[in-house]
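Colleague: A single structure is presented below for examination.
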Amino acid sequence: MPKQKHRQIGTVLKRMKGFYYVDVEGEVCLCRIKGNLFQGKSRKNSVAVGDHVEIDPDASEDAGWIYKILPRTSQLSRPSREGRIEQILVSNVDNLLIVSAIKSPAFRTGMVDRFLITAQRGHLHPVIILNKVDLADQQEIEDIQKIYQALGYEVLATSSTSRVGLDSLNALLQNQTSVLSGHSGVGKSSLLKALFPGWEIKIGRLSDTTQKGRHTTTISEMYRLPAGGYVVDTPGIRELGLYCLPPEELDQFFVEFEDPRLQCRFKGCTHRHEPNCGVQEAVIEGQITQLRYESYCSIFDSLLEAPSRMR
Ligand code: GDP
Ligand code: ZN
């Protein structure tokens, strides 16, 4: 029989030391790239974590072979260190879960807003996970929920301690590929542990230092969920939202600025110091919240300060 018969479709979970860990319906198969697969093609086509690939698991003695990458539905990429070649952090992701604690550590609008920009630029569905709600009263929870729900974002209140919102979170993850983002200590690993007891996963495990030798180590890692779907750990996503973003384009990512900025007197208004600014007027009138406006100004400043490759 032709070899074709052995070919299977799998999902790349991670890359390490030249090997790709490919998940085929729950079984992990170690694979290498078939030698001539990318001859004459650019690095853009190299295999990324999240890729759906066609493999022959028994192609060689110590590993299978990847023959083909199936078309990607989405990809999160950033320029490489040299600033020119795109580096794909992960492909085929559906959701960006922005996990933030309401307390301990304190809720940070700026962090959430940065990740909302990342989601929009990467064409991912953002969901704000407001975690550790057992530490706050109902009013505090609603105050934050209202800010983002009014802008059209989904906000899910959760606590692994008091098991609030876990069913909804489970439903969100089911059969989807989700990037779990958020600072360390906000409770990402505890949420996963509460949902899937016995599952020893520490999201945020990949440290910045492991990213340095990108040919030999992993920059993203994907985990298959017991009930279907994947979660992705990709620390590089932290700075992704602001990569190559010119400060003057930042206002496009604040949905509530859309109408007010039409009223600005100056074309190219940055909404900070200019007179007759529709955005600043909307802040005074309460149509734009002070929190979000401050967040805009602070991100704007960080874009000005960032080295050029970050913009
Ligand atoms: P990660 O770094 O985002 O993965 O955070 P961890 O899951 O490691 O949690 C960090 C700390 O927060 C740990 O001490 C947890 O016990 C605590 N923690 C996690 N989830 C909750 C929660 O829902 N409520 C409270 N009160 N503490 C939590
Ligand atoms: Zn303005």
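Ordering of the structure tokens sets the chain letters (A, B, ...), residue numbers begin anew at 1 in every chain, and ligands are numbered from 1 in the order given.
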Would you please extract all helix (DSSP H, G or I) residues from region 108-295 of chain A, as assigned by DSSP on the backbone, and give them as a ChimeraX atom specification?
Modeller: /A:109-122,133-135,138-149,166-173,188-195,208-211,237-240,247-253,255-257,260-263,278-284,290-295
Colleague: Within region 33-281 of chain A, find each residue whose DSSP state, derived from the backbone, is strand (DSSP E or B), and express the selection as a short mmCIF file (atom, residue, chain, number, x, y, z; two decimals) with all heavy atoms, in the first residue's frame.
Modeller:
data_model
loop_
_atom_site.label_atom_id
_atom_site.label_comp_id
_atom_site.auth_asym_id
_atom_site.auth_seq_id
_atom_site.Cartn_x
_atom_site.Cartn_y
_atom_site.Cartn_z
N ILE A 33 10.56 17.89 10.51
CA ILE A 33 10.03 18.35 9.24
C ILE A 33 10.67 17.55 8.11
O ILE A 33 11.88 17.38 8.10
CB ILE A 33 10.32 19.85 9.03
CG1 ILE A 33 9.62 20.67 10.10
CG2 ILE A 33 9.88 20.30 7.66
CD1 ILE A 33 9.88 22.15 10.00
N HIS A 52 -2.09 23.02 12.27
CA HIS A 52 -2.64 21.71 11.95
C HIS A 52 -1.77 21.14 10.83
O HIS A 52 -1.57 21.80 9.81
CB HIS A 52 -4.10 21.84 11.50
CG HIS A 52 -4.97 22.46 12.56
ND1 HIS A 52 -6.00 23.34 12.28
CD2 HIS A 52 -4.92 22.37 13.91
CE1 HIS A 52 -6.55 23.73 13.41
NE2 HIS A 52 -5.91 23.17 14.42
N VAL A 53 -1.23 19.98 11.08
CA VAL A 53 -0.25 19.43 10.13
C VAL A 53 -0.60 18.00 9.74
O VAL A 53 -1.27 17.27 10.49
CB VAL A 53 1.18 19.43 10.73
CG1 VAL A 53 1.71 20.85 10.82
CG2 VAL A 53 1.23 18.76 12.10
N GLU A 54 -0.13 17.65 8.55
CA GLU A 54 -0.29 16.27 8.09
C GLU A 54 1.02 15.56 8.39
O GLU A 54 2.09 16.03 8.01
CB GLU A 54 -0.56 16.28 6.59
CG GLU A 54 -1.08 14.98 6.06
CD GLU A 54 -1.36 15.08 4.57
OE1 GLU A 54 -2.29 15.82 4.17
OE2 GLU A 54 -0.62 14.44 3.81
N ILE A 55 0.93 14.45 9.10
CA ILE A 55 2.16 13.75 9.48
C ILE A 55 2.09 12.26 9.13
O ILE A 55 1.01 11.70 8.96
CB ILE A 55 2.43 13.87 11.01
CG1 ILE A 55 1.32 13.16 11.82
CG2 ILE A 55 2.55 15.30 11.43
CD1 ILE A 55 1.72 12.91 13.27
N ASP A 56 3.27 11.68 9.05
CA ASP A 56 3.37 10.22 9.03
C ASP A 56 4.09 9.86 10.33
O ASP A 56 5.29 10.10 10.46
CB ASP A 56 4.18 9.77 7.81
CG ASP A 56 4.36 8.25 7.81
OD1 ASP A 56 4.02 7.62 8.84
OD2 ASP A 56 4.85 7.72 6.81
N GLY A 64 8.37 10.89 13.71
CA GLY A 64 7.53 10.96 12.51
C GLY A 64 7.96 12.13 11.65
O GLY A 64 8.87 12.88 12.00
N TRP A 65 7.29 12.31 10.53
CA TRP A 65 7.60 13.43 9.66
C TRP A 65 6.38 14.30 9.45
O TRP A 65 5.26 13.79 9.31
CB TRP A 65 8.05 12.91 8.28
CG TRP A 65 9.52 12.69 8.18
CD1 TRP A 65 10.50 13.15 9.02
CD2 TRP A 65 10.18 11.93 7.17
NE1 TRP A 65 11.73 12.73 8.60
CE2 TRP A 65 11.57 11.98 7.46
CE3 TRP A 65 9.75 11.22 6.05
CZ2 TRP A 65 12.52 11.35 6.67
CZ3 TRP A 65 10.69 10.59 5.26
CH2 TRP A 65 12.07 10.66 5.58
N ILE A 66 6.63 15.61 9.42
CA ILE A 66 5.56 16.54 9.04
C ILE A 66 5.68 16.77 7.54
O ILE A 66 6.75 17.14 7.05
CB ILE A 66 5.71 17.89 9.79
CG1 ILE A 66 5.52 17.68 11.29
CG2 ILE A 66 4.71 18.91 9.26
CD1 ILE A 66 5.77 18.92 12.14
N TYR A 67 4.61 16.53 6.82
CA TYR A 67 4.63 16.69 5.37
C TYR A 67 4.00 17.98 4.89
O TYR A 67 4.34 18.52 3.86
CB TYR A 67 3.85 15.54 4.71
CG TYR A 67 4.60 14.24 4.68
CD1 TYR A 67 4.51 13.36 5.75
CD2 TYR A 67 5.41 13.92 3.60
CE1 TYR A 67 5.20 12.17 5.72
CE2 TYR A 67 6.11 12.73 3.57
CZ TYR A 67 6.00 11.85 4.64
OH TYR A 67 6.70 10.68 4.62
N LYS A 68 3.04 18.47 5.69
CA LYS A 68 2.23 19.55 5.14
C LYS A 68 1.62 20.37 6.28
O LYS A 68 1.22 19.80 7.30
CB LYS A 68 1.11 18.90 4.33
CG LYS A 68 0.33 19.80 3.44
CD LYS A 68 -0.63 18.93 2.64
CE LYS A 68 -1.63 19.76 1.91
NZ LYS A 68 -2.64 18.92 1.27
N ILE A 69 1.54 21.69 6.09
CA ILE A 69 0.81 22.53 7.05
C ILE A 69 -0.53 22.86 6.42
O ILE A 69 -0.59 23.34 5.28
CB ILE A 69 1.55 23.87 7.30
CG1 ILE A 69 3.00 23.62 7.69
CG2 ILE A 69 0.85 24.69 8.35
CD1 ILE A 69 3.82 24.90 7.76
N GLN A 75 -3.15 33.88 13.01
CA GLN A 75 -1.82 33.72 13.60
C GLN A 75 -1.44 34.97 14.38
O GLN A 75 -1.83 36.08 14.04
CB GLN A 75 -0.78 33.42 12.52
CG GLN A 75 -0.53 34.54 11.54
CD GLN A 75 0.43 34.10 10.45
OE1 GLN A 75 0.28 33.04 9.87
NE2 GLN A 75 1.42 34.94 10.17
N LEU A 76 -0.73 34.74 15.48
CA LEU A 76 -0.20 35.86 16.24
C LEU A 76 1.28 35.91 15.94
O LEU A 76 2.00 34.95 16.20
CB LEU A 76 -0.38 35.61 17.74
CG LEU A 76 -1.79 35.74 18.29
CD1 LEU A 76 -1.81 35.33 19.75
CD2 LEU A 76 -2.29 37.17 18.15
N SER A 77 1.72 37.00 15.35
CA SER A 77 3.15 37.07 15.03
C SER A 77 3.73 38.40 15.43
O SER A 77 3.04 39.37 15.66
CB SER A 77 3.39 36.81 13.56
OG SER A 77 2.28 37.13 12.79
N ARG A 78 5.04 38.39 15.49
CA ARG A 78 5.76 39.62 15.82
C ARG A 78 7.04 39.61 15.00
O ARG A 78 7.50 38.55 14.58
CB ARG A 78 6.08 39.68 17.30
CG ARG A 78 7.00 38.57 17.73
CD ARG A 78 7.33 38.65 19.19
NE ARG A 78 8.24 37.57 19.54
CZ ARG A 78 8.60 37.29 20.78
NH1 ARG A 78 8.13 37.99 21.76
NH2 ARG A 78 9.43 36.31 21.01
N PRO A 79 7.60 40.79 14.80
CA PRO A 79 8.85 40.80 14.05
C PRO A 79 9.92 40.09 14.86
O PRO A 79 9.85 40.05 16.08
CB PRO A 79 9.20 42.29 13.95
CG PRO A 79 7.98 43.03 14.40
CD PRO A 79 7.20 42.11 15.27
N GLU A 86 8.90 37.92 10.21
CA GLU A 86 7.82 37.65 11.15
C GLU A 86 8.10 36.39 11.94
O GLU A 86 8.54 35.39 11.38
CB GLU A 86 6.55 37.39 10.35
CG GLU A 86 5.52 38.45 10.50
CD GLU A 86 4.21 38.01 9.89
OE1 GLU A 86 4.17 36.97 9.21
OE2 GLU A 86 3.24 38.72 10.10
N GLN A 87 7.84 36.44 13.22
CA GLN A 87 7.97 35.24 14.04
C GLN A 87 6.56 34.89 14.53
O GLN A 87 5.90 35.72 15.16
CB GLN A 87 8.88 35.54 15.22
CG GLN A 87 9.16 34.35 16.07
CD GLN A 87 9.99 34.74 17.29
OE1 GLN A 87 10.01 35.89 17.71
NE2 GLN A 87 10.65 33.76 17.87
N ILE A 88 6.12 33.71 14.20
CA ILE A 88 4.76 33.33 14.60
C ILE A 88 4.80 32.75 16.00
O ILE A 88 5.49 31.77 16.25
CB ILE A 88 4.17 32.31 13.61
CG1 ILE A 88 4.17 32.90 12.19
CG2 ILE A 88 2.75 31.93 14.02
CD1 ILE A 88 3.74 31.92 11.12
N LEU A 89 4.09 33.37 16.92
CA LEU A 89 4.04 32.86 18.29
C LEU A 89 3.13 31.66 18.35
O LEU A 89 3.44 30.65 18.97
CB LEU A 89 3.51 33.92 19.25
CG LEU A 89 4.36 35.14 19.53
CD1 LEU A 89 3.65 36.07 20.49
CD2 LEU A 89 5.70 34.71 20.11
N VAL A 90 2.00 31.76 17.71
CA VAL A 90 1.03 30.67 17.73
C VAL A 90 -0.01 30.91 16.63
O VAL A 90 -0.28 32.05 16.27
CB VAL A 90 0.38 30.57 19.14
CG1 VAL A 90 -0.32 31.84 19.53
CG2 VAL A 90 -0.56 29.38 19.27
N SER A 91 -0.53 29.81 16.09
CA SER A 91 -1.54 29.96 15.02
C SER A 91 -2.85 29.30 15.43
O SER A 91 -2.90 28.54 16.40
CB SER A 91 -1.01 29.32 13.74
OG SER A 91 -0.91 27.92 13.91
N ASN A 95 -9.65 32.35 21.05
CA ASN A 95 -9.95 33.31 22.13
C ASN A 95 -8.69 33.83 22.82
O ASN A 95 -7.73 33.09 22.99
CB ASN A 95 -10.77 32.61 23.23
CG ASN A 95 -12.05 32.02 22.70
OD1 ASN A 95 -12.78 32.66 21.96
ND2 ASN A 95 -12.33 30.78 23.08
N LEU A 96 -8.76 35.06 23.24
CA LEU A 96 -7.74 35.58 24.15
C LEU A 96 -8.42 35.82 25.49
O LEU A 96 -9.29 36.70 25.61
CB LEU A 96 -7.13 36.88 23.62
CG LEU A 96 -6.08 37.53 24.53
CD1 LEU A 96 -4.88 36.62 24.73
CD2 LEU A 96 -5.61 38.86 23.97
N LEU A 97 -8.08 35.01 26.47
CA LEU A 97 -8.66 35.19 27.80
C LEU A 97 -7.74 36.08 28.61
O LEU A 97 -6.58 35.73 28.86
CB LEU A 97 -8.86 33.84 28.51
CG LEU A 97 -9.66 32.78 27.75
CD1 LEU A 97 -9.99 31.61 28.66
CD2 LEU A 97 -10.94 33.36 27.17
N ILE A 98 -8.24 37.24 28.97
CA ILE A 98 -7.44 38.23 29.68
C ILE A 98 -7.75 38.09 31.16
O ILE A 98 -8.77 38.56 31.64
CB ILE A 98 -7.77 39.65 29.18
CG1 ILE A 98 -7.62 39.72 27.65
CG2 ILE A 98 -6.91 40.68 29.88
CD1 ILE A 98 -8.21 40.97 27.01
N VAL A 99 -6.88 37.38 31.86
CA VAL A 99 -7.16 37.10 33.27
C VAL A 99 -6.56 38.20 34.14
O VAL A 99 -5.38 38.54 34.03
CB VAL A 99 -6.57 35.73 33.70
CG1 VAL A 99 -7.02 35.39 35.13
CG2 VAL A 99 -7.00 34.62 32.74
N SER A 100 -7.41 38.76 34.99
CA SER A 100 -6.96 39.81 35.89
C SER A 100 -7.63 39.61 37.24
O SER A 100 -8.82 39.27 37.29
CB SER A 100 -7.37 41.15 35.28
OG SER A 100 -6.79 42.19 36.01
N ALA A 101 -6.88 39.76 38.31
CA ALA A 101 -7.50 39.62 39.63
C ALA A 101 -8.16 40.93 40.01
O ALA A 101 -7.69 42.00 39.63
CB ALA A 101 -6.43 39.26 40.66
N HIS A 125 -11.02 36.59 19.70
CA HIS A 125 -12.18 37.00 20.49
C HIS A 125 -11.71 37.22 21.93
O HIS A 125 -11.27 36.28 22.58
CB HIS A 125 -13.24 35.89 20.42
CG HIS A 125 -14.40 36.13 21.32
ND1 HIS A 125 -15.27 37.18 21.16
CD2 HIS A 125 -14.83 35.49 22.44
CE1 HIS A 125 -16.19 37.16 22.10
NE2 HIS A 125 -15.94 36.13 22.90
N PRO A 126 -11.79 38.47 22.43
CA PRO A 126 -11.30 38.70 23.80
C PRO A 126 -12.39 38.44 24.84
O PRO A 126 -13.55 38.76 24.64
CB PRO A 126 -10.96 40.19 23.78
CG PRO A 126 -11.89 40.80 22.79
CD PRO A 126 -12.27 39.72 21.80
N VAL A 127 -12.00 37.84 25.95
CA VAL A 127 -12.91 37.70 27.09
C VAL A 127 -12.12 38.12 28.33
O VAL A 127 -11.00 37.62 28.56
CB VAL A 127 -13.41 36.25 27.27
CG1 VAL A 127 -14.38 36.17 28.44
CG2 VAL A 127 -14.07 35.73 26.00
N ILE A 128 -12.67 39.04 29.09
CA ILE A 128 -12.00 39.48 30.31
C ILE A 128 -12.44 38.57 31.46
O ILE A 128 -13.63 38.42 31.71
CB ILE A 128 -12.34 40.95 30.63
CG1 ILE A 128 -11.87 41.85 29.47
CG2 ILE A 128 -11.73 41.39 31.96
CD1 ILE A 128 -12.44 43.24 29.49
N ILE A 129 -11.47 37.92 32.08
CA ILE A 129 -11.77 37.05 33.21
C ILE A 129 -11.40 37.82 34.48
O ILE A 129 -10.22 38.04 34.76
CB ILE A 129 -10.95 35.73 33.15
CG1 ILE A 129 -11.06 35.06 31.77
CG2 ILE A 129 -11.35 34.79 34.28
CD1 ILE A 129 -12.40 34.48 31.44
N LEU A 130 -12.42 38.24 35.20
CA LEU A 130 -12.21 38.99 36.43
C LEU A 130 -12.15 37.99 37.57
O LEU A 130 -13.18 37.48 38.02
CB LEU A 130 -13.36 39.99 36.61
CG LEU A 130 -13.26 41.01 37.72
CD1 LEU A 130 -11.99 41.83 37.61
CD2 LEU A 130 -14.48 41.92 37.69
N ASN A 131 -10.94 37.70 38.01
CA ASN A 131 -10.74 36.57 38.92
C ASN A 131 -10.59 37.01 40.39
O ASN A 131 -10.43 38.19 40.67
CB ASN A 131 -9.49 35.80 38.47
CG ASN A 131 -9.41 34.42 39.09
OD1 ASN A 131 -10.43 33.82 39.40
ND2 ASN A 131 -8.20 33.93 39.29
N GLU A 154 -16.98 41.06 26.68
CA GLU A 154 -17.50 40.02 27.56
C GLU A 154 -16.65 39.99 28.83
O GLU A 154 -15.42 39.95 28.74
CB GLU A 154 -17.37 38.69 26.82
CG GLU A 154 -18.30 37.60 27.26
CD GLU A 154 -18.14 36.36 26.38
OE1 GLU A 154 -17.98 36.49 25.15
OE2 GLU A 154 -18.14 35.27 26.95
N VAL A 155 -17.30 40.02 29.99
CA VAL A 155 -16.56 39.96 31.26
C VAL A 155 -17.12 38.81 32.09
O VAL A 155 -18.32 38.75 32.34
CB VAL A 155 -16.70 41.26 32.09
CG1 VAL A 155 -15.77 41.23 33.30
CG2 VAL A 155 -16.43 42.49 31.24
N LEU A 156 -16.23 37.93 32.49
CA LEU A 156 -16.66 36.79 33.28
C LEU A 156 -16.03 36.87 34.67
O LEU A 156 -14.80 36.93 34.80
CB LEU A 156 -16.22 35.51 32.56
CG LEU A 156 -16.63 34.19 33.18
CD1 LEU A 156 -18.14 34.07 33.26
CD2 LEU A 156 -16.07 33.05 32.32
N ALA A 157 -16.88 36.90 35.71
CA ALA A 157 -16.37 36.95 37.09
C ALA A 157 -16.11 35.53 37.56
O ALA A 157 -16.98 34.66 37.44
CB ALA A 157 -17.40 37.64 37.99
N SER A 159 -13.84 32.77 40.44
CA SER A 159 -13.00 32.53 41.61
C SER A 159 -12.78 31.03 41.73
O SER A 159 -13.74 30.26 41.75
CB SER A 159 -13.68 33.04 42.89
OG SER A 159 -13.05 32.45 44.01
N VAL A 164 -16.80 30.26 41.72
CA VAL A 164 -17.74 31.10 40.98
C VAL A 164 -17.32 31.13 39.50
O VAL A 164 -16.13 31.22 39.20
CB VAL A 164 -17.72 32.55 41.55
CG1 VAL A 164 -18.51 33.51 40.66
CG2 VAL A 164 -18.28 32.56 42.95
N THR A 177 -9.53 26.96 20.98
CA THR A 177 -8.14 27.18 21.34
C THR A 177 -8.03 28.56 21.96
O THR A 177 -8.40 29.56 21.33
CB THR A 177 -7.23 27.05 20.10
OG1 THR A 177 -7.35 25.72 19.59
CG2 THR A 177 -5.78 27.32 20.45
N SER A 178 -7.59 28.60 23.20
CA SER A 178 -7.59 29.86 23.94
C SER A 178 -6.21 30.19 24.49
O SER A 178 -5.56 29.33 25.08
CB SER A 178 -8.56 29.78 25.12
OG SER A 178 -9.85 29.38 24.69
N VAL A 179 -5.80 31.42 24.29
CA VAL A 179 -4.58 31.88 24.93
C VAL A 179 -4.97 32.44 26.29
O VAL A 179 -5.90 33.24 26.39
CB VAL A 179 -3.88 32.99 24.10
CG1 VAL A 179 -2.76 33.63 24.91
CG2 VAL A 179 -3.33 32.44 22.81
N LEU A 180 -4.29 31.98 27.32
CA LEU A 180 -4.55 32.47 28.67
C LEU A 180 -3.48 33.50 28.98
O LEU A 180 -2.30 33.16 29.06
CB LEU A 180 -4.42 31.29 29.63
CG LEU A 180 -5.48 31.15 30.71
CD1 LEU A 180 -6.85 30.98 30.11
CD2 LEU A 180 -5.16 29.96 31.60
N SER A 181 -3.89 34.75 29.14
CA SER A 181 -2.90 35.78 29.39
C SER A 181 -3.16 36.45 30.73
O SER A 181 -4.23 36.30 31.29
CB SER A 181 -2.95 36.82 28.26
OG SER A 181 -4.22 37.42 28.26
N GLU A 221 3.65 27.10 24.13
CA GLU A 221 3.33 25.70 24.36
C GLU A 221 1.82 25.59 24.49
O GLU A 221 1.16 26.43 25.09
CB GLU A 221 4.02 25.20 25.63
CG GLU A 221 3.82 23.73 25.82
CD GLU A 221 4.88 23.09 26.73
OE1 GLU A 221 5.82 23.80 27.13
OE2 GLU A 221 4.73 21.89 27.01
N MET A 222 1.31 24.53 23.90
CA MET A 222 -0.13 24.35 23.87
C MET A 222 -0.47 23.09 24.65
O MET A 222 0.26 22.11 24.58
CB MET A 222 -0.53 24.18 22.41
CG MET A 222 -1.88 24.60 22.10
SD MET A 222 -1.90 25.24 20.43
CE MET A 222 -3.01 24.10 19.75
N TYR A 223 -1.57 23.13 25.39
CA TYR A 223 -1.98 21.96 26.18
C TYR A 223 -3.36 21.51 25.76
O TYR A 223 -4.27 22.34 25.66
CB TYR A 223 -1.99 22.30 27.68
CG TYR A 223 -0.67 22.81 28.20
CD1 TYR A 223 -0.41 24.18 28.26
CD2 TYR A 223 0.33 21.92 28.60
CE1 TYR A 223 0.80 24.65 28.72
CE2 TYR A 223 1.54 22.40 29.08
CZ TYR A 223 1.77 23.76 29.13
OH TYR A 223 2.96 24.23 29.59
N ARG A 224 -3.48 20.23 25.52
CA ARG A 224 -4.80 19.71 25.16
C ARG A 224 -5.64 19.56 26.43
O ARG A 224 -5.18 18.99 27.42
CB ARG A 224 -4.63 18.34 24.48
CG ARG A 224 -5.93 17.78 23.94
CD ARG A 224 -5.74 16.34 23.51
NE ARG A 224 -7.00 15.77 23.09
CZ ARG A 224 -7.42 15.73 21.83
NH1 ARG A 224 -6.66 16.19 20.87
NH2 ARG A 224 -8.60 15.21 21.52
N TYR A 230 -7.86 23.48 23.49
CA TYR A 230 -6.47 23.68 23.91
C TYR A 230 -6.34 25.00 24.65
O TYR A 230 -7.07 25.95 24.36
CB TYR A 230 -5.55 23.74 22.69
CG TYR A 230 -5.50 22.49 21.87
CD1 TYR A 230 -6.35 22.33 20.77
CD2 TYR A 230 -4.60 21.47 22.15
CE1 TYR A 230 -6.31 21.17 19.99
CE2 TYR A 230 -4.54 20.32 21.38
CZ TYR A 230 -5.41 20.17 20.30
OH TYR A 230 -5.36 19.03 19.54
N VAL A 231 -5.40 25.04 25.60
CA VAL A 231 -4.99 26.35 26.11
C VAL A 231 -3.52 26.56 25.72
O VAL A 231 -2.75 25.60 25.64
CB VAL A 231 -5.15 26.54 27.64
CG1 VAL A 231 -6.60 26.55 28.05
CG2 VAL A 231 -4.37 25.49 28.40
N VAL A 232 -3.20 27.80 25.49
CA VAL A 232 -1.86 28.14 25.00
C VAL A 232 -1.16 29.02 26.01
O VAL A 232 -1.75 29.95 26.55
CB VAL A 232 -1.95 28.92 23.67
CG1 VAL A 232 -0.56 29.10 23.06
CG2 VAL A 232 -2.88 28.26 22.69
N ASP A 233 0.10 28.70 26.24
CA ASP A 233 0.95 29.52 27.09
C ASP A 233 1.99 30.18 26.19
O ASP A 233 2.78 29.49 25.56
CB ASP A 233 1.64 28.61 28.11
CG ASP A 233 2.40 29.40 29.15
OD1 ASP A 233 2.25 30.63 29.19
OD2 ASP A 233 3.15 28.78 29.93
#
Colleague: Can I get the residues of chain A within 8 Å of ligand 2, each with the closest pair of atoms and their distance in Å to one decimal, using only C-alpha atoms and all ligand atoms, sorted chain first then ascending number, as a Markdown table?
Modeller:
| residue | atom | partner | partner_atom_place_in_ligand_line | distance |
| --- | --- | --- | --- | --- |
| A:Pro260 | CA | ligand 2 | 1 (Zn) | 7.8 |
| A:Arg261 | CA | ligand 2 | 1 (Zn) | 5.5 |
| A:Gln263 | CA | ligand 2 | 1 (Zn) | 7.5 |
| A:Cys264 | CA | ligand 2 | 1 (Zn) | 4.6 |
| A:Arg265 | CA | ligand 2 | 1 (Zn) | 7.3 |
| A:Phe266 | CA | ligand 2 | 1 (Zn) | 7.2 |
| A:Gly268 | CA | ligand 2 | 1 (Zn) | 7.9 |
| A:Cys269 | CA | ligand 2 | 1 (Zn) | 4.5 |
| A:Thr270 | CA | ligand 2 | 1 (Zn) | 5.5 |
| A:His271 | CA | ligand 2 | 1 (Zn) | 3.5 |
| A:Arg272 | CA | ligand 2 | 1 (Zn) | 7.0 |
| A:Glu274 | CA | ligand 2 | 1 (Zn) | 6.6 |
| A:Pro275 | CA | ligand 2 | 1 (Zn) | 7.9 |
| A:Asn276 | CA | ligand 2 | 1 (Zn) | 7.2 |
| A:Cys277 | CA | ligand 2 | 1 (Zn) | 3.8 |
| A:Gly278 | CA | ligand 2 | 1 (Zn) | 5.2 |
| A:Val279 | CA | ligand 2 | 1 (Zn) | 5.0 |
| A:Gln280 | CA | ligand 2 | 1 (Zn) | 6.5 |
Colleague: Show me a table, sorted first by chain and then by increasing residue number, of the residues of chain A having an atom at most 8 Å from ligand 1, each with its shortest atom pair and the distance in Å to one decimal, counting only C-alpha atoms and all ligand atoms and written as a tab-separated table.
Modeller:
residue	atom	partner	partner_atom_place_in_ligand_line	distance
A:Val99	CA	ligand 1	3 (O)	7.8
A:Ser104	CA	ligand 1	12 (O)	7.5
A:Asn131	CA	ligand 1	23 (O)	5.9
A:Lys132	CA	ligand 1	23 (O)	3.7
A:Val133	CA	ligand 1	23 (O)	6.6
A:Asp134	CA	ligand 1	24 (N)	5.8
A:Leu135	CA	ligand 1	26 (N)	5.6
A:Thr158	CA	ligand 1	23 (O)	6.7
A:Ser159	CA	ligand 1	23 (O)	3.5
A:Ser160	CA	ligand 1	23 (O)	3.9
A:Thr161	CA	ligand 1	23 (O)	4.3
A:Ser162	CA	ligand 1	23 (O)	6.6
A:Arg163	CA	ligand 1	23 (O)	7.5
A:Gly182	CA	ligand 1	3 (O)	6.7
A:His183	CA	ligand 1	3 (O)	6.1
A:Ser184	CA	ligand 1	2 (O)	3.6
A:Gly185	CA	ligand 1	2 (O)	3.6
A:Val186	CA	ligand 1	3 (O)	4.1
A:Gly187	CA	ligand 1	5 (O)	3.3
A:Lys188	CA	ligand 1	3 (O)	3.8
A:Ser189	CA	ligand 1	4 (O)	3.7
A:Ser190	CA	ligand 1	7 (O)	3.6
A:Leu191	CA	ligand 1	20 (N)	6.4
A:Lys202	CA	ligand 1	4 (O)	6.1
A:Ile203	CA	ligand 1	4 (O)	5.5
A:Gly204	CA	ligand 1	4 (O)	6.5
Colleague: Calculated over only C-alpha atoms, which of the candidates A:Met16, A:Leu30, A:Ile102, A:Ile284 has the smallest distance to Gln139 (chain A)?
Modeller: A:Ile102
Colleague: Quote the spacing between CA of Lys14 (chain A) and CA of Leu116 (chain A) in Å to one decimal place.
Modeller: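 These atoms are spaced 25.3 Å apart.
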Colleague: Would you list the contacts of Gln120 (chain A) as a PyMOL selection string, taking every protein, DNA or RNA residue within 12 Å and counting only C-alpha atoms, but skipping same-chain residues closer than 5 positions in sequence?
Modeller: chain A and resi 74+76+94-96+113-115+125-127+153+240-242+250+252-255
Colleague: Which polymer residues have any atom within 7 Å of an atom of region 172-175 of chain A, counting only C-alpha atoms, with same-chain residues fewer than 3 positions away left out, as a ChimeraX atom specification?
Modeller: /A:168-169,178,227-229
Colleague: May I have the residues from that selection written out with all heavy atoms, as a short mmCIF file (atom, residue, chain, number, x, y, z; two decimals), in the first residue's frame?
Modeller:
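Result went into result00.cif, see below:
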data_model
loop_
_atom_site.label_atom_id
_atom_site.label_comp_id
_atom_site.auth_asym_id
_atom_site.auth_seq_id
_atom_site.Cartn_x
_atom_site.Cartn_y
_atom_site.Cartn_z
N SER A 168 -19.11 28.53 33.38
CA SER A 168 -19.07 29.41 32.20
C SER A 168 -17.68 29.39 31.58
O SER A 168 -17.53 29.38 30.35
CB SER A 168 -19.42 30.84 32.57
OG SER A 168 -20.60 30.88 33.29
N LEU A 169 -16.65 29.38 32.43
CA LEU A 169 -15.29 29.34 31.90
C LEU A 169 -15.03 28.03 31.16
O LEU A 169 -14.43 28.01 30.08
CB LEU A 169 -14.28 29.51 33.05
CG LEU A 169 -12.80 29.49 32.66
CD1 LEU A 169 -12.49 30.61 31.66
CD2 LEU A 169 -11.91 29.66 33.90
N SER A 178 -7.59 28.60 23.20
CA SER A 178 -7.59 29.86 23.94
C SER A 178 -6.21 30.19 24.49
O SER A 178 -5.56 29.33 25.08
CB SER A 178 -8.56 29.78 25.12
OG SER A 178 -9.85 29.38 24.69
N ALA A 227 -11.26 17.69 28.12
CA ALA A 227 -12.56 17.56 27.46
C ALA A 227 -12.59 18.15 26.05
O ALA A 227 -13.65 18.45 25.52
CB ALA A 227 -13.62 18.22 28.33
N GLY A 228 -11.41 18.31 25.45
CA GLY A 228 -11.38 18.88 24.09
C GLY A 228 -11.08 20.36 24.12
O GLY A 228 -11.55 21.07 25.00
N GLY A 229 -10.31 20.81 23.15
CA GLY A 229 -9.87 22.20 23.12
C GLY A 229 -8.44 22.30 23.64
O GLY A 229 -7.88 21.30 24.15
#
Colleague: If I take CA of Arg72 (chain A) and CA of Ile219 (chain A), how far is one from the other in Å, to one decimal?
Modeller: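 Interatomic distance, CA of Arg72 (chain A) to CA of Ile219 (chain A): 18.3 Å.
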Colleague: Ranking A:Pro247, A:Pro197, A:Pro105, A:Gly286 by minimum distance to Leu225 (chain A) and counting only C-alpha atoms, which one comes first?
Modeller: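 Going through A:Pro247, A:Pro197, A:Pro105, A:Gly286 one by one, the smallest distance to Leu225 (chain A) is for A:Pro197.
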